[in-house]
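Let me begin by presenting the structure, written as structure tokens, before commenting on it.
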Amino acid sequence: MEKNLYDEYSKILREELVPAMGCTEPISLAYAGALAAKHLNALPERIDLMVSGNIIKNVKSVIVPNTGGRKGLRTAVSAGVVYGDSERELEVLSRVKEDDLKKLDDFLDKVEIHISTSDYMNPFDIQVRAYAGEDESFVHIFANHTNVVEIKRNGEYVLRKEFKDEPLAVKENRRLLTVENIVEYGDTVDLEEIREVLERQIEYNMAIAETGLSEDYGATIGKILLKAYGDGVQNKAKAYAAAGSDARMNGCELPVVINSGSGNQGITSSVPVIVYAKELGAPHEKLLRALAISNLISIHIKTGIGSLSAYCGVTSAGAGAGAGISYLHGGGYKEIAHTIVNTLAINSGMICDGAKSSCAAKIASAVESGLLGMKMYQQGSQFYDGDGIVIKGVENTINAIGLLAREGMHETDKEILKIMMGE
């Protein structure tokens, strides 16, 4: 494998597999709030919040961690303002103190927060403008969860980065990903280069999955799966992943290692692979290589879709999980490529209608599709060129999925938001 590709693939894993607490959209909003308060040097007396429709969709119904079970945009930005630590980025709300919730309630009672919808084309846009007396601060996060492109105080720039308003904003090294090279990378990577990020993903994501199974979070999809369908490995893979989302969507304060900016995608691309590795008695090194493949496949598919859309992101992560589990079974490029194509043919109609309890059930469906896609090829079956959206060659099918999600579902996204907002 070419050295530059090898190095970029390792860099992508280190960039993507970072810890976050709670659903990443409200956490990004809290991060913006914390930055706005920091640069205002005072507690705001008024806040103007402008966000894209996808941010509204993904924050509206999910519990913001460390807020005592509160939901919504006002809660997320206010928690960041009142007690967020901006230095910790996506763990901005991880250091709540005993009396902080009372301060949050007081702030929400007293401070006017005006919310409006952004006109930017990119589906990820957060703009926070905070006021105190004659002072004003402004923070702009664009295209992904920690990409701060503007900070101003009293009209003067503190930070300014160039950015383009495009529907799809892709880091250049993500364009270097291909399934064939990902499998070669997984086979050959010096694990010491990526061990830390993968070990952290195992520790964090299994911890929240186990918490979701031991406690009653949300719709308890993980617990229901185990109770209804038993503890066979295929069902356990779905149940553990779903349980992680049960907990994460419903206020659990444990961190998750994310994938493609999403905790649910981080859980989906890792937990089923970990469950299968344990069942198969796979060496730990084999698990780490399978996780590298699963994570990079998930990122590769999601790259063409974009950070937020009407296409449910766990579909791509389910394909990644299927690829990683295929690798644990001894699969190489051919087996993994067919697993991905089969998986995408099965489950690519699943919509994203925001972050909430039903995400756990969607994760179970995505993992099931990944496993079925793998089993199909193991049994000598596959979907062929011309079967619906399947195009010959795994990269062509991945490109088609990106086009479907990014362009074809643009109007669908608008209708989903209208339904959610009761319009």
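Convention: chains lettered A, B, ... in structure tokens order; per-chain residue numbering from 1; ligands numbered from 1 as shown.
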(request) Taking the DSSP assignment computed from this structure's backbone, write out as a VMD selection string all residues of region 4-230 of chain A that belong to strand (DSSP E). (result) chain A and resid 19 to 21 46 to 51 112 to 117 125 to 132 135 to 142 148 to 153 156 to 160
Compile the contact shell of Ile258 (chain A) as a PDB file with N, CA and C atoms, in the first residue's frame: residues with an atom at most 10 Å away, counting only C-alpha atoms, same-chain residues fewer than 6 positions apart removed.
ATOM      1  N   GLU A  16     -11.567  10.877  13.270  1.00  0.00           N
ATOM      2  CA  GLU A  16     -12.985  10.521  13.374  1.00  0.00           C
ATOM      3  C   GLU A  16     -13.363   9.869  14.699  1.00  0.00           C
ATOM      4  N   LEU A  17     -12.493   9.017  15.217  1.00  0.00           N
ATOM      5  CA  LEU A  17     -12.855   8.221  16.394  1.00  0.00           C
ATOM      6  C   LEU A  17     -12.508   8.966  17.673  1.00  0.00           C
ATOM      7  N   VAL A  18     -13.314   9.975  17.964  1.00  0.00           N
ATOM      8  CA  VAL A  18     -13.094  10.805  19.147  1.00  0.00           C
ATOM      9  C   VAL A  18     -14.275  10.660  20.100  1.00  0.00           C
ATOM     10  N   PRO A  19     -14.058  10.918  21.391  1.00  0.00           N
ATOM     11  CA  PRO A  19     -15.156  10.778  22.354  1.00  0.00           C
ATOM     12  C   PRO A  19     -16.145  11.937  22.274  1.00  0.00           C
ATOM     13  N   ALA A  20     -17.394  11.630  22.516  1.00  0.00           N
ATOM     14  CA  ALA A  20     -18.437  12.645  22.635  1.00  0.00           C
ATOM     15  C   ALA A  20     -19.426  12.178  23.679  1.00  0.00           C
ATOM     16  N   MET A  21     -20.027  13.135  24.361  1.00  0.00           N
ATOM     17  CA  MET A  21     -21.026  12.811  25.370  1.00  0.00           C
ATOM     18  C   MET A  21     -22.397  13.200  24.842  1.00  0.00           C
ATOM     19  N   CYS A  23     -25.894  12.869  22.241  1.00  0.00           N
ATOM     20  CA  CYS A  23     -26.114  13.075  20.814  1.00  0.00           C
ATOM     21  C   CYS A  23     -25.275  14.260  20.341  1.00  0.00           C
ATOM     22  N   THR A  24     -24.573  14.102  19.228  1.00  0.00           N
ATOM     23  CA  THR A  24     -23.552  15.080  18.862  1.00  0.00           C
ATOM     24  C   THR A  24     -24.108  16.414  18.377  1.00  0.00           C
ATOM     25  N   GLN A 201     -12.481   3.016  21.755  1.00  0.00           N
ATOM     26  CA  GLN A 201     -13.793   2.728  21.178  1.00  0.00           C
ATOM     27  C   GLN A 201     -14.390   1.462  21.787  1.00  0.00           C
ATOM     28  N   TYR A 204     -15.351   2.404  25.647  1.00  0.00           N
ATOM     29  CA  TYR A 204     -16.463   3.335  25.818  1.00  0.00           C
ATOM     30  C   TYR A 204     -17.769   2.776  25.260  1.00  0.00           C
ATOM     31  N   ASN A 205     -17.716   2.237  24.053  1.00  0.00           N
ATOM     32  CA  ASN A 205     -18.961   1.851  23.397  1.00  0.00           C
ATOM     33  C   ASN A 205     -19.559   0.585  23.989  1.00  0.00           C
ATOM     34  N   ASN A 264     -24.287   7.291  17.381  1.00  0.00           N
ATOM     35  CA  ASN A 264     -25.018   6.105  16.944  1.00  0.00           C
ATOM     36  C   ASN A 264     -24.253   5.350  15.866  1.00  0.00           C
ATOM     37  N   GLN A 265     -23.615   6.084  14.961  1.00  0.00           N
ATOM     38  CA  GLN A 265     -22.812   5.414  13.941  1.00  0.00           C
ATOM     39  C   GLN A 265     -21.549   4.809  14.551  1.00  0.00           C
ATOM     40  N   GLY A 266     -20.982   5.472  15.561  1.00  0.00           N
ATOM     41  CA  GLY A 266     -19.840   4.901  16.260  1.00  0.00           C
ATOM     42  C   GLY A 266     -20.191   3.596  16.955  1.00  0.00           C
ATOM     43  N   ILE A 267     -21.358   3.571  17.595  1.00  0.00           N
ATOM     44  CA  ILE A 267     -21.831   2.343  18.252  1.00  0.00           C
ATOM     45  C   ILE A 267     -22.083   1.246  17.228  1.00  0.00           C
ATOM     46  N   THR A 268     -22.761   1.582  16.141  1.00  0.00           N
ATOM     47  CA  THR A 268     -23.158   0.589  15.146  1.00  0.00           C
ATOM     48  C   THR A 268     -21.957  -0.013  14.438  1.00  0.00           C
ATOM     49  N   SER A 269     -20.952   0.786  14.170  1.00  0.00           N
ATOM     50  CA  SER A 269     -19.785   0.279  13.442  1.00  0.00           C
ATOM     51  C   SER A 269     -18.818  -0.484  14.338  1.00  0.00           C
ATOM     52  N   SER A 270     -19.022  -0.462  15.647  1.00  0.00           N
ATOM     53  CA  SER A 270     -18.069  -1.112  16.542  1.00  0.00           C
ATOM     54  C   SER A 270     -18.671  -2.245  17.379  1.00  0.00           C
ATOM     55  N   ASN A 295     -14.812   0.727  10.679  1.00  0.00           N
ATOM     56  CA  ASN A 295     -14.889   2.181  10.833  1.00  0.00           C
ATOM     57  C   ASN A 295     -14.619   2.905   9.521  1.00  0.00           C
TER      58      ASN A 295
END
(request) Considering only C-alpha atoms, return as a ChimeraX atom specification whatever protein or nucleic-acid residues lie within 10 Å of region 86-99 of chain A, sequence-local ones (same chain, fewer than 3 positions apart) excluded. (result) /A:18-38,64-67,76,79-83,102-104,145-146,253-256,261
Save the residues we just selected, C-alpha atoms, as a PDB file, in the first residue's frame?
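So the final result, stored in out_19.pdb, reads:
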ATOM      1  CA  VAL A  18     -13.094  10.805  19.147  1.00  0.00           C
ATOM      2  CA  PRO A  19     -15.156  10.778  22.354  1.00  0.00           C
ATOM      3  CA  ALA A  20     -18.437  12.645  22.635  1.00  0.00           C
ATOM      4  CA  MET A  21     -21.026  12.811  25.370  1.00  0.00           C
ATOM      5  CA  GLY A  22     -24.629  12.494  24.241  1.00  0.00           C
ATOM      6  CA  CYS A  23     -26.114  13.075  20.814  1.00  0.00           C
ATOM      7  CA  THR A  24     -23.552  15.080  18.862  1.00  0.00           C
ATOM      8  CA  GLU A  25     -25.849  17.759  17.402  1.00  0.00           C
ATOM      9  CA  PRO A  26     -27.058  19.133  20.780  1.00  0.00           C
ATOM     10  CA  ILE A  27     -23.499  18.791  22.057  1.00  0.00           C
ATOM     11  CA  SER A  28     -22.206  20.839  19.128  1.00  0.00           C
ATOM     12  CA  LEU A  29     -24.851  23.432  19.964  1.00  0.00           C
ATOM     13  CA  ALA A  30     -23.693  23.429  23.596  1.00  0.00           C
ATOM     14  CA  TYR A  31     -20.105  23.832  22.376  1.00  0.00           C
ATOM     15  CA  ALA A  32     -21.124  26.910  20.373  1.00  0.00           C
ATOM     16  CA  GLY A  33     -22.928  28.286  23.427  1.00  0.00           C
ATOM     17  CA  ALA A  34     -19.887  27.748  25.625  1.00  0.00           C
ATOM     18  CA  LEU A  35     -17.656  29.561  23.121  1.00  0.00           C
ATOM     19  CA  ALA A  36     -20.129  32.446  22.847  1.00  0.00           C
ATOM     20  CA  ALA A  37     -20.197  32.898  26.627  1.00  0.00           C
ATOM     21  CA  LYS A  38     -16.409  32.645  26.856  1.00  0.00           C
ATOM     22  CA  VAL A  64     -29.215  16.607  26.371  1.00  0.00           C
ATOM     23  CA  PRO A  65     -26.812  14.862  28.800  1.00  0.00           C
ATOM     24  CA  ASN A  66     -26.090  16.415  32.181  1.00  0.00           C
ATOM     25  CA  THR A  67     -29.216  18.589  32.021  1.00  0.00           C
ATOM     26  CA  ALA A  76     -28.538  22.595  24.618  1.00  0.00           C
ATOM     27  CA  ALA A  79     -26.264  24.369  29.144  1.00  0.00           C
ATOM     28  CA  GLY A  80     -23.182  25.270  27.110  1.00  0.00           C
ATOM     29  CA  VAL A  81     -23.485  28.902  28.134  1.00  0.00           C
ATOM     30  CA  VAL A  82     -24.065  28.245  31.830  1.00  0.00           C
ATOM     31  CA  TYR A  83     -21.587  25.463  32.608  1.00  0.00           C
ATOM     32  CA  LYS A 102     -30.395  25.151  39.274  1.00  0.00           C
ATOM     33  CA  LYS A 103     -28.336  27.754  37.399  1.00  0.00           C
ATOM     34  CA  LEU A 104     -29.580  26.282  34.113  1.00  0.00           C
ATOM     35  CA  HIS A 145     -19.583  19.358  14.783  1.00  0.00           C
ATOM     36  CA  THR A 146     -16.363  21.113  15.812  1.00  0.00           C
ATOM     37  CA  GLU A 253     -23.928  10.472  30.711  1.00  0.00           C
ATOM     38  CA  LEU A 254     -21.316   7.980  29.518  1.00  0.00           C
ATOM     39  CA  PRO A 255     -19.183   9.069  26.554  1.00  0.00           C
ATOM     40  CA  VAL A 256     -19.222   7.327  23.169  1.00  0.00           C
ATOM     41  CA  GLY A 261     -19.599  12.748  13.680  1.00  0.00           C
TER      42      GLY A 261
END
Could you produce a table of the residues of region 307-418 of chain A lying within 10 Å of region 177-184 of chain A, with the nearest pair of atoms per residue and their separation in Å rounded to one decimal, using only C-alpha atoms, ordered by chain and increasing residue number, as CSV?
residue,atom,partner,partner_atom,distance
A:Ala323,CA,A:Val183,CA,9.4
A:Gly324,CA,A:Val183,CA,9.6
A:Tyr327,CA,A:Val183,CA,8.7
A:Gly331,CA,A:Val183,CA,9.7
A:Gly332,CA,A:Val183,CA,7.0
A:Tyr333,CA,A:Glu180,CA,5.9
A:Lys334,CA,A:Glu180,CA,8.6
A:Ile336,CA,A:Val179,CA,8.1
A:Ala337,CA,A:Val179,CA,6.9
A:Ile340,CA,A:Val179,CA,9.3
A:Val394,CA,A:Val179,CA,7.6
A:Glu395,CA,A:Thr178,CA,7.1
A:Ile398,CA,A:Val179,CA,9.8
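Between CA of Ile351 (chain A) and CA of Lys223 (chain A) the interatomic distance comes to 23.7 Å.
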(message) For a test of reading the model, state the distance in Å between CA of Lys238 (chain A) and CA of Leu225 (chain A), rounded to one decimal.
(response)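 Separation of CA of Lys238 (chain A) and CA of Leu225 (chain A): 7.8 Å.
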(request) List every residue of region 114-228 of chain A that DSSP, applied to the backbone of this structure, places in helix (DSSP H, G or I), and write the result as a ChimeraX atom specification. (result) /A:172-176,179-188,191-193,195-214,221-228
(request) Fewer than 3 positions away in the same chain doesn't count, so skip those; otherwise give me all residues within 10 Å of Lys152 (chain A), counting only C-alpha atoms, as a VMD selection string. (result) chain A and resid 36 39 to 40 129 136 to 140 155 to 160
